[in-house]
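What follows is the content of final-v8.cif, which has mmCIF, C-alpha atoms and all ligand atoms:
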data_work
loop_
_atom_site.label_atom_id
_atom_site.label_comp_id
_atom_site.auth_asym_id
_atom_site.auth_seq_id
_atom_site.Cartn_x
_atom_site.Cartn_y
_atom_site.Cartn_z
CA MET A 1 0.00 0.00 0.00
CA ARG A 2 1.57 3.29 -1.09
CA ILE A 3 1.47 6.05 1.53
CA ASP A 4 2.78 9.57 1.12
CA GLY A 5 2.00 13.18 1.95
CA TYR A 6 -0.75 15.56 0.91
CA ARG A 7 -0.43 17.65 -2.26
CA PRO A 8 -2.65 20.67 -3.07
CA GLU A 9 -3.99 18.88 -6.17
CA ASP A 10 -5.46 16.18 -3.86
CA LYS A 11 -7.95 18.61 -2.32
CA SER A 12 -11.07 17.88 -4.39
CA ALA A 13 -10.54 14.10 -4.23
CA VAL A 14 -10.05 14.32 -0.47
CA GLU A 15 -13.17 16.45 -0.12
CA ARG A 16 -15.20 13.85 -2.00
CA LEU A 17 -13.67 11.03 0.06
CA LEU A 18 -14.59 12.77 3.32
CA HIS A 19 -18.17 13.38 2.20
CA GLU A 20 -18.58 9.79 1.01
CA CYS A 21 -16.75 7.86 3.75
CA GLY A 22 -19.90 7.73 5.87
CA GLY A 23 -18.45 9.19 9.04
CA PHE A 24 -18.72 12.97 8.82
CA VAL A 25 -21.36 15.67 8.64
CA PRO A 26 -20.63 18.63 6.30
CA HIS A 27 -19.22 20.98 8.94
CA GLU A 28 -16.78 18.27 10.08
CA VAL A 29 -15.62 17.93 6.48
CA THR A 30 -15.06 21.70 6.38
CA VAL A 31 -12.96 21.60 9.56
CA CYS A 32 -10.93 18.65 8.28
CA LEU A 33 -10.28 20.34 4.91
CA SER A 34 -9.12 23.50 6.67
CA LEU A 35 -6.22 21.54 8.21
CA LEU A 36 -4.83 20.26 4.90
CA GLY A 37 -1.48 21.83 4.14
CA ASP A 38 -1.28 23.47 7.58
CA PRO A 39 2.29 22.99 8.81
CA GLU A 40 1.00 22.42 12.37
CA TYR A 41 -0.46 19.08 11.26
CA GLU A 42 0.92 16.04 9.48
CA THR A 43 -1.13 14.40 6.77
CA ALA A 44 -0.66 11.04 5.07
CA LEU A 45 -2.62 9.49 2.21
CA VAL A 46 -2.94 5.96 0.88
CA ARG A 47 -3.07 6.11 -2.93
CA ASP A 48 -4.07 3.71 -5.67
CA GLU A 49 -2.01 3.03 -8.81
CA GLN A 50 -3.42 6.18 -10.42
CA GLU A 51 -2.34 8.26 -7.40
CA ARG A 52 -5.95 8.76 -6.29
CA PRO A 53 -6.42 9.03 -2.52
CA LEU A 54 -8.00 5.96 -0.91
CA GLY A 55 -7.54 7.06 2.66
CA LEU A 56 -6.31 9.96 4.74
CA VAL A 57 -5.03 10.61 8.24
CA ILE A 58 -4.28 13.96 9.91
CA TYR A 59 -2.32 13.94 13.14
CA GLY A 60 -0.17 16.21 15.25
CA THR A 61 1.54 16.75 18.56
CA ASP A 62 0.12 18.56 21.58
CA PRO A 63 2.37 21.59 22.10
CA LEU A 64 1.70 21.69 25.87
CA ALA A 65 2.49 18.06 26.64
CA GLN A 66 5.69 16.11 26.24
CA GLY A 67 5.55 13.50 23.51
CA VAL A 68 1.76 13.32 23.21
CA TRP A 69 0.36 12.90 19.70
CA GLU A 70 -3.20 12.92 18.55
CA ILE A 71 -4.91 11.51 15.49
CA TYR A 72 -7.46 14.15 14.54
CA TRP A 73 -9.02 12.69 11.42
CA ILE A 74 -8.89 9.34 9.69
CA ALA A 75 -11.03 8.25 6.77
CA THR A 76 -11.11 5.56 4.10
CA ASP A 77 -12.91 5.84 0.77
CA GLY A 78 -16.37 4.29 1.24
CA ARG A 79 -15.70 1.85 -1.63
CA CYS A 80 -12.61 0.32 -0.04
CA GLN A 81 -13.32 0.12 3.65
CA ARG A 82 -12.43 -3.05 5.59
CA ARG A 83 -9.51 -3.79 3.28
CA GLY A 84 -6.79 -2.60 5.63
CA VAL A 85 -6.40 1.00 4.40
CA GLY A 86 -7.28 2.53 7.79
CA SER A 87 -5.02 0.15 9.69
CA ALA A 88 -2.15 0.92 7.29
CA LEU A 89 -2.63 4.62 8.08
CA MET A 90 -2.62 3.94 11.83
CA ARG A 91 0.66 2.01 11.46
CA HIS A 92 2.06 4.84 9.38
CA VAL A 93 1.28 7.34 12.17
CA GLU A 94 2.90 5.08 14.77
CA GLU A 95 6.05 4.68 12.66
CA SER A 96 6.13 8.39 11.87
CA VAL A 97 5.76 9.36 15.54
CA GLY A 98 8.49 6.85 16.42
CA THR A 99 10.79 8.31 19.04
CA ARG A 100 9.01 11.66 18.90
CA GLY A 101 6.19 10.50 21.15
CA ARG A 102 5.21 8.64 24.30
CA MET A 103 1.58 8.07 23.44
CA ILE A 104 -0.93 8.50 20.66
CA LEU A 105 -4.51 9.52 21.44
CA ILE A 106 -7.66 9.45 19.38
CA GLU A 107 -11.10 10.72 20.37
CA THR A 108 -14.50 9.49 19.37
CA SER A 109 -18.11 9.34 20.45
CA GLY A 110 -19.45 6.67 22.81
CA GLN A 111 -22.72 6.37 20.90
CA PRO A 112 -23.77 3.01 19.42
CA ALA A 113 -23.45 4.46 15.90
CA TYR A 114 -19.69 4.80 16.53
CA ALA A 115 -19.21 1.20 17.69
CA TYR A 116 -17.37 0.30 14.49
CA GLN A 117 -14.88 3.15 14.87
CA ARG A 118 -14.22 2.01 18.44
CA ALA A 119 -13.78 -1.58 17.16
CA PHE A 120 -11.32 -0.23 14.60
CA TYR A 121 -9.24 1.51 17.28
CA GLU A 122 -9.34 -1.55 19.56
CA LYS A 123 -8.26 -3.78 16.70
CA ASN A 124 -5.29 -1.48 16.16
CA GLY A 125 -4.22 -1.77 19.79
CA TYR A 126 -5.78 1.40 21.21
CA ARG A 127 -7.55 1.18 24.57
CA GLU A 128 -10.09 3.42 26.29
CA ALA A 129 -8.16 5.81 28.56
CA ALA A 130 -10.76 8.42 29.49
CA ARG A 131 -14.41 9.20 29.06
CA ILE A 132 -16.31 12.45 29.58
CA ARG A 133 -19.97 11.75 30.03
CA ASP A 134 -22.42 13.83 27.97
CA PHE A 135 -19.57 15.74 26.31
CA TYR A 136 -20.96 16.12 22.78
CA LYS A 137 -24.54 16.33 24.01
CA PRO A 138 -26.59 14.65 26.75
CA GLY A 139 -26.18 10.89 26.29
CA ASP A 140 -23.20 11.29 23.94
CA ASP A 141 -19.87 10.69 25.69
CA LEU A 142 -16.40 11.65 24.51
CA VAL A 143 -14.17 8.57 24.60
CA VAL A 144 -10.39 8.92 24.40
CA TYR A 145 -8.40 5.96 23.13
CA ARG A 146 -4.70 5.64 23.84
CA LYS A 147 -1.77 3.60 22.58
CA ASP A 148 1.68 3.91 24.09
CA ALA A 149 4.53 4.47 21.69
CA THR A 150 7.39 2.02 21.66
CA ALA A 151 8.73 2.62 25.15
CA ARG A 152 12.26 1.49 24.38
CA LEU A 153 12.63 3.91 21.47
CA TYR A 154 11.13 6.68 23.50
CA LEU A 155 13.25 6.16 26.60
CA GLU A 156 16.48 5.83 24.63
CA ASP A 157 15.98 9.09 22.80
CA PRO A 158 18.08 11.83 24.45
CA GLN A 159 15.47 14.52 23.80
CA TRP A 160 13.19 12.97 26.46
CA LYS A 161 15.82 12.48 29.15
CA SER A 162 15.56 15.96 30.62
CA GLY A 163 12.79 18.38 31.44
CA SER A 164 9.21 17.66 32.34
CA GLY A 165 5.86 18.91 31.18
CA CYS A 166 5.43 22.63 30.54
CA SER A 167 8.56 23.50 32.51
CA SER A 168 10.69 22.02 29.73
CA LYS A 169 9.25 24.49 27.23
CA GLY A 170 11.26 27.25 28.88
C1 LIG B 1 -12.92 4.02 10.63
C2 LIG B 1 -12.31 3.81 9.23
C3 LIG B 1 -11.22 4.88 8.99
C4 LIG B 1 -11.67 2.42 9.16
O1 LIG B 1 -11.01 2.31 7.92
P1 LIG B 1 -10.87 0.90 7.14
O2 LIG B 1 -9.95 1.12 6.00
O3 LIG B 1 -12.21 0.35 6.86
O4 LIG B 1 -10.14 0.04 8.27
P2 LIG B 1 -9.58 -1.45 8.20
O5 LIG B 1 -9.92 -2.12 6.91
O6 LIG B 1 -8.14 -1.37 8.55
O7 LIG B 1 -10.49 -2.09 9.36
C5 LIG B 1 -9.97 -2.86 10.35
C6 LIG B 1 -11.01 -3.18 11.42
O8 LIG B 1 -11.81 -2.07 11.83
C7 LIG B 1 -13.14 -2.54 12.21
N1 LIG B 1 -14.13 -2.03 11.26
C8 LIG B 1 -13.89 -1.15 10.25
N2 LIG B 1 -15.05 -0.88 9.61
C9 LIG B 1 -16.02 -1.59 10.23
C10 LIG B 1 -17.43 -1.72 10.03
N3 LIG B 1 -18.07 -1.06 9.05
N4 LIG B 1 -18.13 -2.53 10.86
C11 LIG B 1 -17.51 -3.20 11.85
N5 LIG B 1 -16.16 -3.12 12.09
C12 LIG B 1 -15.44 -2.33 11.28
C13 LIG B 1 -13.08 -4.05 12.13
O9 LIG B 1 -12.59 -4.52 13.36
C14 LIG B 1 -12.03 -4.22 11.02
O10 LIG B 1 -11.45 -5.49 11.06
P3 LIG B 1 -12.13 -6.72 10.27
O11 LIG B 1 -12.49 -6.22 8.91
O12 LIG B 1 -11.05 -7.76 10.28
O13 LIG B 1 -13.32 -7.10 11.09
C15 LIG B 1 -13.39 3.88 8.11
O14 LIG B 1 -14.44 3.00 8.45
C16 LIG B 1 -13.97 5.26 7.87
O15 LIG B 1 -13.46 6.01 7.06
N6 LIG B 1 -15.06 5.60 8.58
C17 LIG B 1 -15.70 6.89 8.39
C18 LIG B 1 -14.84 8.03 8.96
C19 LIG B 1 -14.66 7.90 10.46
O16 LIG B 1 -15.59 7.61 11.19
N7 LIG B 1 -13.41 8.16 10.93
C20 LIG B 1 -13.09 8.06 12.34
C21 LIG B 1 -13.36 9.34 13.07
S1 LIG B 1 -12.05 10.57 12.77
#
Mind turning this structure into structure tokens?
Ligand SMILES: CC(C)(COP(=O)(O)OP(=O)(O)OC[C@H]1O[C@@H](n2cnc3c(N)ncnc32)[C@H](O)[C@@H]1OP(=O)(O)O)[C@@H](O)C(=O)NCCC(=O)NCCS
Amino acid sequence: MRIDGYRPEDKSAVERLLHECGGFVPHEVTVCLSLLGDPEYETALVRDEQERPLGLVIYGTDPLAQGVWEIYWIATDGRCQRRGVGSALMRHVEESVGTRGRMILIETSGQPAYAYQRAFYEKNGYREAARIRDFYKPGDDLVVYRKDATARLYLEDPQWKSGSGCSSKG
């Protein structure tokens, strides 16, 4: 599976993918599109042989925490879901974060309609780490999933050996 970065010419194909993936309402698509090309975020795409995007992930690091990364958006073209595209993107994020992070977080809703997303995160080794009841609206919890980065890589990297939390930001 070929994975590389976002290019401006991908925008309309990505927009269509986000609308048709079955997971997002229009204003969520707008927010996701607004992050494309923003240097604060990292974006990776799975492409087919014709370079068309089949899946997309947008992730980034929390500037106020040490080595904490978050996956903000992940989506697979509705015509090729359950063929490993999403899992390949999750692995890509984990490899890309590498020694740069201690943990990767991803948020979702606790509603029954999101059971398959939660199954997807669980299958990829993410576990529920926190839950805020009624966050999105009454009866709709925010659930935070977490996966720890490779501890050995993290601990061996000199950049993490000194400083702690916000104090290390100087
Ligand atoms: C969530 C999503 C990115 C998964 O992408 P994908 O390419 O289908 O993922 P994979 O093929 O790697 O799926 C692996 C596992 O996820 C779970 N899963 C994915 N889609 C599922 C579905 N429709 N029903 C049940 N389980 C599902 C299963 O455990 C699946 O393993 P299995 O097929 O062996 O049972 C994709 O379904 C999607 O784009 N959804 C809409 C957007 C969205 O909700 N994004 C997350 C919020 S940011």
For each of A:Glu95, A:Tyr136, A:Met103, A:Thr30, take the minimum atom-to-atom distance to Trp73 (chain A), counting only C-alpha atoms, then give the residue where this is smallest.
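When distances to Trp73 (chain A) are compared using only C-alpha atoms, the smallest one comes from A:Thr30.
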Surrounding residues of region 16-27 of chain A excluding itself and chain neighbours under 5 positions, 8 Å, only C-alpha atoms, as a PyMOL selection string
chain A and resi 53-55+75-78
Please identify all protein, DNA and RNA residues within 10 Å of ligand LIG 1 (chain B), counting all atoms listed in the file, and report them as an MDAnalysis selection string.
chainID A and resid 17:24 28 32 46 54:58 71:91 106:109 113:124
Go through A:Asp140, A:Asp10, A:Asp134, A:Asp62 one by one, measure the shortest atom-to-atom distance of each to Glu40 (chain A) using only C-alpha atoms, and give the residue with the smallest value.
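Going through A:Asp140, A:Asp10, A:Asp134, A:Asp62 one by one, the smallest distance to Glu40 (chain A) is for A:Asp62.
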Would you pick out the contacts of Gly37 (chain A) at 9 Å or less, using all atoms listed in the file, so that residues sharing its chain but fewer than 4 positions from it are not included, and give the list as a ChimeraX atom specification?
/A:6-8,33,41-43
Name the closest residue to Arg146 (chain A) among the candidates A:Leu35, A:Ile3, A:Ile104, A:Val93; distances are taken between atoms, counting all atoms listed in the file.
A:Ile104
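Distance-wise, CA of Val68 (chain A) and CA of Met1 (chain A) end up 26.8 Å apart.
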Kindly give the distance, in Å, that separates CA of Arg47 (chain A) and CA of Glu9 (chain A), rounded to a single decimal.
13.2 Å
Sphere at (-20.3, 13.6, 26.9), radius 9 Å, counting all atoms listed in the file: residues as a PyMOL selection string:
chain A and resi 109-110+131-143
Test item: which residues lie within 6 Å of (-5.2, 3.2, 27.1) counting all atoms listed in the file, as a list in words:
Arg127, Glu128, Ala129, Tyr145, Arg146 and Lys147 of chain A
Please produce a file of the residues just selected, as an mmCIF file, in the coordinates of the input, where the atoms kept are C-alpha atoms.
data_model
loop_
_atom_site.group_PDB
_atom_site.id
_atom_site.type_symbol
_atom_site.label_atom_id
_atom_site.label_comp_id
_atom_site.auth_asym_id
_atom_site.auth_seq_id
_atom_site.Cartn_x
_atom_site.Cartn_y
_atom_site.Cartn_z
ATOM 1 C CA ARG A 127 -7.550 1.180 24.570
ATOM 2 C CA GLU A 128 -10.090 3.420 26.290
ATOM 3 C CA ALA A 129 -8.160 5.810 28.560
ATOM 4 C CA TYR A 145 -8.400 5.960 23.130
ATOM 5 C CA ARG A 146 -4.700 5.640 23.840
ATOM 6 C CA LYS A 147 -1.770 3.600 22.580
#
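Atom pair CA of Gln111 (chain A) / CA of Glu15 (chain A): separated by 25.2 Å.
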Nearest residue to Arg52 (chain A) out of A:Ala65, A:Val14, A:Val144, A:Val31, using all atoms listed in the file?
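Of A:Ala65, A:Val14, A:Val144, A:Val31, the one nearest Arg52 (chain A) is A:Val14, counting all atoms listed in the file.
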Minimum-distance residue to Arg100 (chain A), chosen among A:Leu64, A:Ala149, A:Ala130, A:Ala44 (using all atoms listed in the file):
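Selected residue with least distance to Arg100 (chain A): A:Ala149.
Minimum atom-to-atom distance to Tyr59 (chain A), evaluated using only C-alpha atoms, belongs to A:Leu45 out of A:Ala13, A:Val29, A:Pro112, A:Leu45.
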